[in-house]
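Enquirer: Here it is, the structure, as structure tokens.
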Amino acid sequence: MTDMAFRADLLLQPQAESSGGTQTAEQRESAMRRLASLGEMTGGIAHDLRNILAIVESGLRLAERKADQPESVRAFIAAAREGVDRGVELISQLLAFADHRELGLQVRDLNELVRSSGPFLRYGARPGIRVRFELGSDVPNVLIDPALFDAAVLNLVLNARDAMPGGGEIWIVTERLVATNCAPGGPVPGTYARLRVKDHGCGMPPDVLRKVLDPFFTTKGENGTGMGLAQVRTFMQMVGGHLSIASERGTGTTVDLLFPLHDAAA
């Protein structure tokens, strides 16, 4: 039996017995909730790794096509190797989570994180999609897990890419943001480092936008797991940040990730 199967088995076993020797309804419900959470987590892991493996596969395929052009082959292989490295880093974080260790939180420069991800994001966006960066000059440092940050931004870029099948531009913008109002569902007032991913793709109607963060909800049919944005939201909750989405049919989609300053997060 695999370790994952063993864990799932444990979730279904009675945790305690009542005086009559039978599992209570509350215990069964609790076990099922835990099993459902395990399913959501597994789906999210598969989604992130599939994104990374798709980029690695694309790099190797292009290297094969350009076998007579050594410089191109080296560039494609370098991109594929970067994908492998990021996959290994993500798996390390997941293993740490499985061992109940804390997140690998670090005080980092948000702009530097985006710059280091730039070539990888451009490569994942595919030909016909231009990834443009507009990095602010006064963006504060944030407390963040770099591996999970990479996975979150990659999710957003691939979603933006899929919304523009005919090509287009994806903007990644960073800036300092001061939130002052207390709108329902909005961020707590304070200073944040904001990362914005914006596209001019097909956009979403209001009824879809209301459900887009729900686990397993997808607009991509059999090609989607519905875990991408749900995973990004979970990541933002873990670091004490905030996620917001604005979209309009035929106009495009904007996703904002608000990261608290490292002093506030600490």
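Letters for chains follow the order of the structure tokens (A, B, ...), residue numbers begin at 1 for each chain, and ligand numbers begin at 1 in the order shown.
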Taking the backbone alone, and naming residues the way the document does, which bits of segment 123-174 of chain A are alpha helix (DSSP H) by DSSP, as a list of chain:residue names?
Expert: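 Answer for segment 123-174 of chain A restricted to alpha helix (DSSP H) is A:Tyr123, A:Gly124, A:Pro146, A:Ala147, A:Leu148, A:Phe149, A:Asp150, A:Ala151, A:Ala152, A:Val153, A:Leu154, A:Asn155, A:Leu156, A:Val157, A:Leu158, A:Asn159, A:Ala160, A:Arg161, A:Asp162.
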Enquirer: Can I get the selected residues back with all heavy atoms, as a CSV table (one decimal), in the first residue's frame?
Expert:
```csv
chain,number,residue,atom,x,y,z
A,123,TYR,N,8.9,31.6,-21.1
A,123,TYR,CA,9.0,30.4,-21.8
A,123,TYR,C,7.7,29.6,-21.7
A,123,TYR,O,7.2,29.0,-22.7
A,123,TYR,CB,10.1,29.5,-21.3
A,123,TYR,CG,10.5,28.3,-22.1
A,123,TYR,CD1,11.2,28.5,-23.3
A,123,TYR,CD2,10.2,27.1,-21.7
A,123,TYR,CE1,11.6,27.5,-24.1
A,123,TYR,CE2,10.5,26.0,-22.5
A,123,TYR,CZ,11.2,26.2,-23.7
A,123,TYR,OH,11.6,25.1,-24.5
A,124,GLY,N,7.0,29.7,-20.5
A,124,GLY,CA,5.8,29.0,-20.3
A,124,GLY,C,4.6,29.7,-21.1
A,124,GLY,O,3.6,29.0,-21.3
A,146,PRO,N,9.6,31.3,-1.5
A,146,PRO,CA,9.9,31.5,-3.0
A,146,PRO,C,9.3,30.4,-3.8
A,146,PRO,O,8.9,30.7,-5.0
A,146,PRO,CB,11.4,31.5,-3.0
A,146,PRO,CG,11.8,32.0,-1.6
A,146,PRO,CD,10.8,31.4,-0.7
A,147,ALA,N,9.4,29.1,-3.4
A,147,ALA,CA,8.9,28.0,-4.3
A,147,ALA,C,7.4,28.1,-4.5
A,147,ALA,O,6.9,28.0,-5.7
A,147,ALA,CB,9.3,26.7,-3.6
A,148,LEU,N,6.7,28.4,-3.5
A,148,LEU,CA,5.2,28.5,-3.6
A,148,LEU,C,4.8,29.8,-4.4
A,148,LEU,O,3.8,29.8,-5.1
A,148,LEU,CB,4.5,28.5,-2.3
A,148,LEU,CG,4.7,27.1,-1.5
A,148,LEU,CD1,3.9,27.2,-0.2
A,148,LEU,CD2,4.3,25.9,-2.3
A,149,PHE,N,5.7,30.8,-4.2
A,149,PHE,CA,5.4,32.1,-5.0
A,149,PHE,C,5.6,31.8,-6.5
A,149,PHE,O,4.8,32.2,-7.3
A,149,PHE,CB,6.4,33.1,-4.6
A,149,PHE,CG,6.4,34.4,-5.4
A,149,PHE,CD1,5.5,35.4,-5.2
A,149,PHE,CD2,7.4,34.5,-6.5
A,149,PHE,CE1,5.5,36.5,-6.0
A,149,PHE,CE2,7.4,35.6,-7.3
A,149,PHE,CZ,6.4,36.6,-7.0
A,150,ASP,N,6.6,31.1,-6.9
A,150,ASP,CA,6.9,30.7,-8.3
A,150,ASP,C,5.7,29.9,-8.8
A,150,ASP,O,5.2,30.2,-9.9
A,150,ASP,CB,8.1,29.9,-8.4
A,150,ASP,CG,9.4,30.7,-8.3
A,150,ASP,OD1,9.3,32.0,-8.4
A,150,ASP,OD2,10.5,30.1,-8.1
A,151,ALA,N,5.2,29.0,-8.1
A,151,ALA,CA,4.1,28.1,-8.5
A,151,ALA,C,2.8,29.0,-8.7
A,151,ALA,O,2.1,28.8,-9.7
A,151,ALA,CB,3.8,27.0,-7.6
A,152,ALA,N,2.6,30.0,-7.8
A,152,ALA,CA,1.4,30.8,-7.9
A,152,ALA,C,1.4,31.7,-9.1
A,152,ALA,O,0.5,31.8,-9.8
A,152,ALA,CB,1.3,31.6,-6.6
A,153,VAL,N,2.6,32.4,-9.3
A,153,VAL,CA,2.7,33.3,-10.5
A,153,VAL,C,2.6,32.5,-11.8
A,153,VAL,O,2.0,33.0,-12.7
A,153,VAL,CB,4.0,34.1,-10.4
A,153,VAL,CG1,4.1,35.0,-11.6
A,153,VAL,CG2,4.0,35.0,-9.1
A,154,LEU,N,3.2,31.3,-11.8
A,154,LEU,CA,3.1,30.5,-13.0
A,154,LEU,C,1.7,30.2,-13.3
A,154,LEU,O,1.2,30.2,-14.5
A,154,LEU,CB,4.0,29.2,-12.9
A,154,LEU,CG,3.9,28.3,-14.0
A,154,LEU,CD1,4.4,28.9,-15.3
A,154,LEU,CD2,4.8,27.0,-13.7
A,155,ASN,N,0.9,29.8,-12.3
A,155,ASN,CA,-0.5,29.5,-12.5
A,155,ASN,C,-1.2,30.7,-13.1
A,155,ASN,O,-2.0,30.5,-14.1
A,155,ASN,CB,-1.1,29.2,-11.1
A,155,ASN,CG,-1.3,27.7,-10.8
A,155,ASN,OD1,-1.7,27.0,-11.7
A,155,ASN,ND2,-0.9,27.3,-9.6
A,156,LEU,N,-1.0,31.9,-12.6
A,156,LEU,CA,-1.6,33.1,-13.2
A,156,LEU,C,-1.2,33.4,-14.6
A,156,LEU,O,-2.1,33.7,-15.5
A,156,LEU,CB,-1.3,34.3,-12.3
A,156,LEU,CG,-1.8,34.2,-10.8
A,156,LEU,CD1,-1.5,35.5,-10.1
A,156,LEU,CD2,-3.3,33.9,-10.7
A,157,VAL,N,0.0,33.2,-14.9
A,157,VAL,CA,0.5,33.4,-16.3
A,157,VAL,C,-0.1,32.4,-17.3
A,157,VAL,O,-0.5,32.8,-18.4
A,157,VAL,CB,2.0,33.4,-16.3
A,157,VAL,CG1,2.6,33.4,-17.8
A,157,VAL,CG2,2.6,34.6,-15.6
A,158,LEU,N,-0.2,31.2,-16.9
A,158,LEU,CA,-0.7,30.1,-17.8
A,158,LEU,C,-2.2,30.4,-17.9
A,158,LEU,O,-2.7,30.1,-19.0
A,158,LEU,CB,-0.4,28.7,-17.2
A,158,LEU,CG,1.0,28.3,-17.1
A,158,LEU,CD1,1.2,26.9,-16.7
A,158,LEU,CD2,1.7,28.6,-18.5
A,159,ASN,N,-2.9,30.8,-16.9
A,159,ASN,CA,-4.3,31.1,-17.1
A,159,ASN,C,-4.5,32.3,-18.1
A,159,ASN,O,-5.4,32.3,-18.9
A,159,ASN,CB,-4.9,31.5,-15.7
A,159,ASN,CG,-5.3,30.3,-14.9
A,159,ASN,OD1,-5.3,29.2,-15.4
A,159,ASN,ND2,-5.5,30.5,-13.6
A,160,ALA,N,-3.7,33.3,-17.9
A,160,ALA,CA,-3.7,34.4,-18.8
A,160,ALA,C,-3.4,34.0,-20.3
A,160,ALA,O,-4.1,34.4,-21.2
A,160,ALA,CB,-2.8,35.5,-18.4
A,161,ARG,N,-2.4,33.1,-20.4
A,161,ARG,CA,-2.1,32.6,-21.7
A,161,ARG,C,-3.3,31.9,-22.4
A,161,ARG,O,-3.6,32.1,-23.6
A,161,ARG,CB,-0.9,31.7,-21.6
A,161,ARG,CG,-0.5,31.0,-22.9
A,161,ARG,CD,0.3,29.7,-22.6
A,161,ARG,NE,-0.5,28.7,-22.0
A,161,ARG,CZ,-0.1,27.5,-21.6
A,161,ARG,NH1,1.2,27.2,-21.7
A,161,ARG,NH2,-0.9,26.6,-21.1
A,162,ASP,N,-3.9,31.0,-21.6
A,162,ASP,CA,-5.0,30.3,-22.1
A,162,ASP,C,-6.2,31.1,-22.5
A,162,ASP,O,-7.1,30.7,-23.3
A,162,ASP,CB,-5.5,29.2,-21.1
A,162,ASP,CG,-4.4,28.1,-20.9
A,162,ASP,OD1,-3.5,28.0,-21.8
A,162,ASP,OD2,-4.5,27.4,-19.9
```
Enquirer: Quick one: DSSP strand (DSSP E) residues in segment 72-223 of chain A, as a PyMOL selection string?
Expert: chain A and resi 106-108+129-135+142-144+168-179+190-199
Enquirer: Near Ala78 of chain A, counting only C-alpha atoms, which residues have an atom at most 10 Å away, once you skip same-chain residues fewer than 3 positions from it, shown as a ChimeraX atom specification?
Expert: /A:56,59-60,72-75,81-84,120
Enquirer: Those same residues - N, CA, C and O atoms - I'd like them written as a short mmCIF file (atom, residue, chain, number, x, y, z; two decimals), in the first residue's frame.
Expert:
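To be explicit, this is the file written out as again06.cif:
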```
data_model
loop_
_atom_site.label_atom_id
_atom_site.label_comp_id
_atom_site.auth_asym_id
_atom_site.auth_seq_id
_atom_site.Cartn_x
_atom_site.Cartn_y
_atom_site.Cartn_z
N VAL A 56 8.88 21.85 -19.24
CA VAL A 56 10.06 21.02 -19.47
C VAL A 56 9.91 20.25 -20.78
O VAL A 56 10.82 20.21 -21.61
N GLY A 59 10.36 22.49 -23.81
CA GLY A 59 11.75 22.83 -24.05
C GLY A 59 12.51 21.71 -24.73
O GLY A 59 13.28 21.93 -25.68
N LEU A 60 12.30 20.48 -24.27
CA LEU A 60 12.99 19.35 -24.88
C LEU A 60 12.52 19.10 -26.30
O LEU A 60 13.30 18.76 -27.19
N SER A 72 20.49 27.52 -30.09
CA SER A 72 19.08 27.38 -29.74
C SER A 72 18.87 26.18 -28.83
O SER A 72 18.11 26.24 -27.86
N VAL A 73 19.55 25.08 -29.15
CA VAL A 73 19.42 23.87 -28.33
C VAL A 73 19.85 24.15 -26.90
O VAL A 73 19.18 23.75 -25.94
N ARG A 74 20.97 24.86 -26.72
CA ARG A 74 21.44 25.17 -25.37
C ARG A 74 20.42 26.02 -24.61
O ARG A 74 20.20 25.82 -23.41
N ALA A 75 19.81 26.98 -25.30
CA ALA A 75 18.82 27.83 -24.64
C ALA A 75 17.59 27.03 -24.22
O ALA A 75 17.07 27.20 -23.11
N ARG A 81 15.96 22.76 -17.92
CA ARG A 81 16.66 22.47 -16.66
C ARG A 81 16.12 23.37 -15.54
O ARG A 81 15.98 22.92 -14.40
N GLU A 82 15.82 24.63 -15.87
CA GLU A 82 15.25 25.52 -14.86
C GLU A 82 13.90 25.00 -14.39
O GLU A 82 13.58 25.05 -13.20
N GLY A 83 13.11 24.46 -15.33
CA GLY A 83 11.84 23.87 -14.94
C GLY A 83 12.02 22.69 -14.00
O GLY A 83 11.28 22.54 -13.03
N VAL A 84 13.01 21.86 -14.28
CA VAL A 84 13.30 20.72 -13.40
C VAL A 84 13.68 21.21 -12.01
O VAL A 84 13.21 20.69 -10.99
N PHE A 120 11.59 31.95 -17.15
CA PHE A 120 10.72 30.77 -17.00
C PHE A 120 9.29 31.11 -17.38
O PHE A 120 8.62 30.34 -18.09
#
```
Enquirer: Find the residue from A:Ser117, A:Thr253, A:Asn181, A:Asn111 that sits nearest to Val142 of chain A; use only C-alpha atoms when measuring.
Expert: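 Residue with the minimum atom-to-atom distance to Val142 of chain A: A:Asn111.
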Enquirer: Under the rule that only C-alpha atoms are counted, which of A:Pro187, A:Pro260, A:Gly203, A:Gly128 is the nearest residue to Ala246 of chain A?
Expert: A:Gly203
Enquirer: Go through A:Pro119, A:Arg210, A:Ile52, A:Phe259 and flag the residue nearest Phe76 of chain A, using only C-alpha atoms for the distances.
Expert: A:Pro119
Enquirer: Find, counting only C-alpha atoms, the residue in A:Cys202, A:Val255, A:Val131, A:Leu105 that gets nearest to Trp171 of chain A.
Expert: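 Closest to Trp171 of chain A of all the choices is A:Val131.
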Enquirer: Residues at most 6 Å from Thr251 of chain A, counting only C-alpha atoms, excluding those fewer than 2 positions away in the same chain, as a PDB file with all heavy atoms, in the first residue's frame?
Expert:
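Done, and the output landed in part-v2.pdb:
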```pdb
ATOM      1  N   HIS A 200      -5.423  40.757 -21.699  1.00  0.00           N
ATOM      2  CA  HIS A 200      -6.511  41.336 -22.483  1.00  0.00           C
ATOM      3  C   HIS A 200      -7.209  40.223 -23.265  1.00  0.00           C
ATOM      4  O   HIS A 200      -7.527  40.382 -24.443  1.00  0.00           O
ATOM      5  CB  HIS A 200      -5.969  42.419 -23.420  1.00  0.00           C
ATOM      6  CG  HIS A 200      -5.361  43.586 -22.711  1.00  0.00           C
ATOM      7  ND1 HIS A 200      -6.119  44.526 -22.052  1.00  0.00           N
ATOM      8  CD2 HIS A 200      -4.069  43.944 -22.511  1.00  0.00           C
ATOM      9  CE1 HIS A 200      -5.319  45.433 -21.494  1.00  0.00           C
ATOM     10  NE2 HIS A 200      -4.068  45.097 -21.759  1.00  0.00           N
ATOM     11  N   GLY A 203     -11.748  37.173 -20.948  1.00  0.00           N
ATOM     12  CA  GLY A 203     -12.437  37.619 -19.750  1.00  0.00           C
ATOM     13  C   GLY A 203     -13.509  36.643 -19.293  1.00  0.00           C
ATOM     14  O   GLY A 203     -13.717  35.583 -19.899  1.00  0.00           O
ATOM     15  N   GLU A 248     -13.832  41.120 -17.106  1.00  0.00           N
ATOM     16  CA  GLU A 248     -14.991  41.517 -17.901  1.00  0.00           C
ATOM     17  C   GLU A 248     -14.937  40.794 -19.233  1.00  0.00           C
ATOM     18  O   GLU A 248     -13.864  40.713 -19.864  1.00  0.00           O
ATOM     19  CB  GLU A 248     -14.998  43.027 -18.120  1.00  0.00           C
ATOM     20  CG  GLU A 248     -16.237  43.536 -18.830  1.00  0.00           C
ATOM     21  CD  GLU A 248     -16.261  45.050 -18.932  1.00  0.00           C
ATOM     22  OE1 GLU A 248     -15.508  45.710 -18.180  1.00  0.00           O
ATOM     23  OE2 GLU A 248     -17.011  45.572 -19.768  1.00  0.00           O
ATOM     24  N   ARG A 249     -16.061  40.247 -19.615  1.00  0.00           N
ATOM     25  CA  ARG A 249     -16.134  39.488 -20.854  1.00  0.00           C
ATOM     26  C   ARG A 249     -15.675  40.338 -22.040  1.00  0.00           C
ATOM     27  O   ARG A 249     -16.127  41.457 -22.242  1.00  0.00           O
ATOM     28  CB  ARG A 249     -17.578  39.029 -21.089  1.00  0.00           C
ATOM     29  CG  ARG A 249     -17.728  38.016 -22.197  1.00  0.00           C
ATOM     30  CD  ARG A 249     -17.157  36.689 -21.794  1.00  0.00           C
ATOM     31  NE  ARG A 249     -17.418  35.646 -22.769  1.00  0.00           N
ATOM     32  CZ  ARG A 249     -16.871  34.452 -22.755  1.00  0.00           C
ATOM     33  NH1 ARG A 249     -16.018  34.135 -21.791  1.00  0.00           N
ATOM     34  NH2 ARG A 249     -17.155  33.562 -23.666  1.00  0.00           N
TER      35      ARG A 249
END
```
Enquirer: Interatomic distance between atom CA of Leu209 of chain A and atom CA of Leu257 of chain A?
Expert: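 Computing the Euclidean distance for atom CA of Leu209 of chain A and atom CA of Leu257 of chain A yields 16.5 Å.
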Enquirer: Find the residue from A:Gly168, A:Gly241, A:Gly228, A:Pro205 that sits nearest to Gly190 of chain A; use only C-alpha atoms when measuring.
Expert: A:Gly241
Enquirer: When distances are computed from only C-alpha atoms, which of A:Asp138, A:Glu112, A:Glu175, A:Asp199 shows the smallest separation from Leu258 of chain A?
Expert: A:Glu175
Enquirer: What does the distance between atom CA of Val208 of chain A and atom CA of Gly250 of chain A come to in Å, to one decimal place?
Expert: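 Computed distance, atom CA of Val208 of chain A to atom CA of Gly250 of chain A, equals 13.5 Å.
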Enquirer: What is the distance, in Å and to one decimal place, between atom CA of Leu177 of chain A and atom CA of Gly118 of chain A?
Expert: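 Going from atom CA of Leu177 of chain A over to atom CA of Gly118 of chain A, I get 22.3 Å.
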Enquirer: Show which residues sit within 8 Å of Leu143 of chain A, as a PDB file with N, CA and C atoms, in the first residue's frame. Count only C-alpha atoms, and ignore same-chain residues fewer than 6 positions away.
Expert:
```
ATOM      1  N   LEU A 105       9.625  30.364   4.812  1.00  0.00           N
ATOM      2  CA  LEU A 105       9.433  31.806   4.671  1.00  0.00           C
ATOM      3  C   LEU A 105      10.760  32.546   4.746  1.00  0.00           C
ATOM      4  N   GLN A 106      10.906  33.497   3.844  1.00  0.00           N
ATOM      5  CA  GLN A 106      12.116  34.315   3.778  1.00  0.00           C
ATOM      6  C   GLN A 106      11.721  35.756   3.506  1.00  0.00           C
ATOM      7  N   VAL A 107      12.516  36.687   4.007  1.00  0.00           N
ATOM      8  CA  VAL A 107      12.330  38.089   3.653  1.00  0.00           C
ATOM      9  C   VAL A 107      12.995  38.304   2.297  1.00  0.00           C
ATOM     10  N   ARG A 108      12.180  38.641   1.287  1.00  0.00           N
ATOM     11  CA  ARG A 108      12.709  38.747  -0.072  1.00  0.00           C
ATOM     12  C   ARG A 108      12.231  40.026  -0.758  1.00  0.00           C
ATOM     13  N   VAL A 239       0.438  33.194   3.679  1.00  0.00           N
ATOM     14  CA  VAL A 239       1.420  34.250   3.956  1.00  0.00           C
ATOM     15  C   VAL A 239       0.757  35.511   4.503  1.00  0.00           C
ATOM     16  N   PHE A 259       0.837  41.346  -0.828  1.00  0.00           N
ATOM     17  CA  PHE A 259       1.698  40.741   0.185  1.00  0.00           C
ATOM     18  C   PHE A 259       1.962  41.751   1.301  1.00  0.00           C
ATOM     19  N   PRO A 260       1.714  41.369   2.559  1.00  0.00           N
ATOM     20  CA  PRO A 260       2.007  42.295   3.660  1.00  0.00           C
ATOM     21  C   PRO A 260       3.508  42.500   3.807  1.00  0.00           C
ATOM     22  N   LEU A 261       3.902  43.652   4.316  1.00  0.00           N
ATOM     23  CA  LEU A 261       5.311  43.881   4.567  1.00  0.00           C
ATOM     24  C   LEU A 261       5.833  42.869   5.573  1.00  0.00           C
ATOM     25  N   HIS A 262       7.122  42.553   5.504  1.00  0.00           N
ATOM     26  CA  HIS A 262       7.632  41.468   6.333  1.00  0.00           C
ATOM     27  C   HIS A 262       7.488  41.758   7.824  1.00  0.00           C
ATOM     28  N   ALA A 265       3.869  40.922   8.578  1.00  0.00           N
ATOM     29  CA  ALA A 265       3.635  39.477   8.500  1.00  0.00           C
ATOM     30  C   ALA A 265       4.239  38.772   9.711  1.00  0.00           C
ATOM     31  N   ALA A 266       5.415  39.213  10.136  1.00  0.00           N
ATOM     32  CA  ALA A 266       6.038  38.592  11.301  1.00  0.00           C
ATOM     33  C   ALA A 266       5.196  38.793  12.541  1.00  0.00           C
TER      34      ALA A 266
END
```
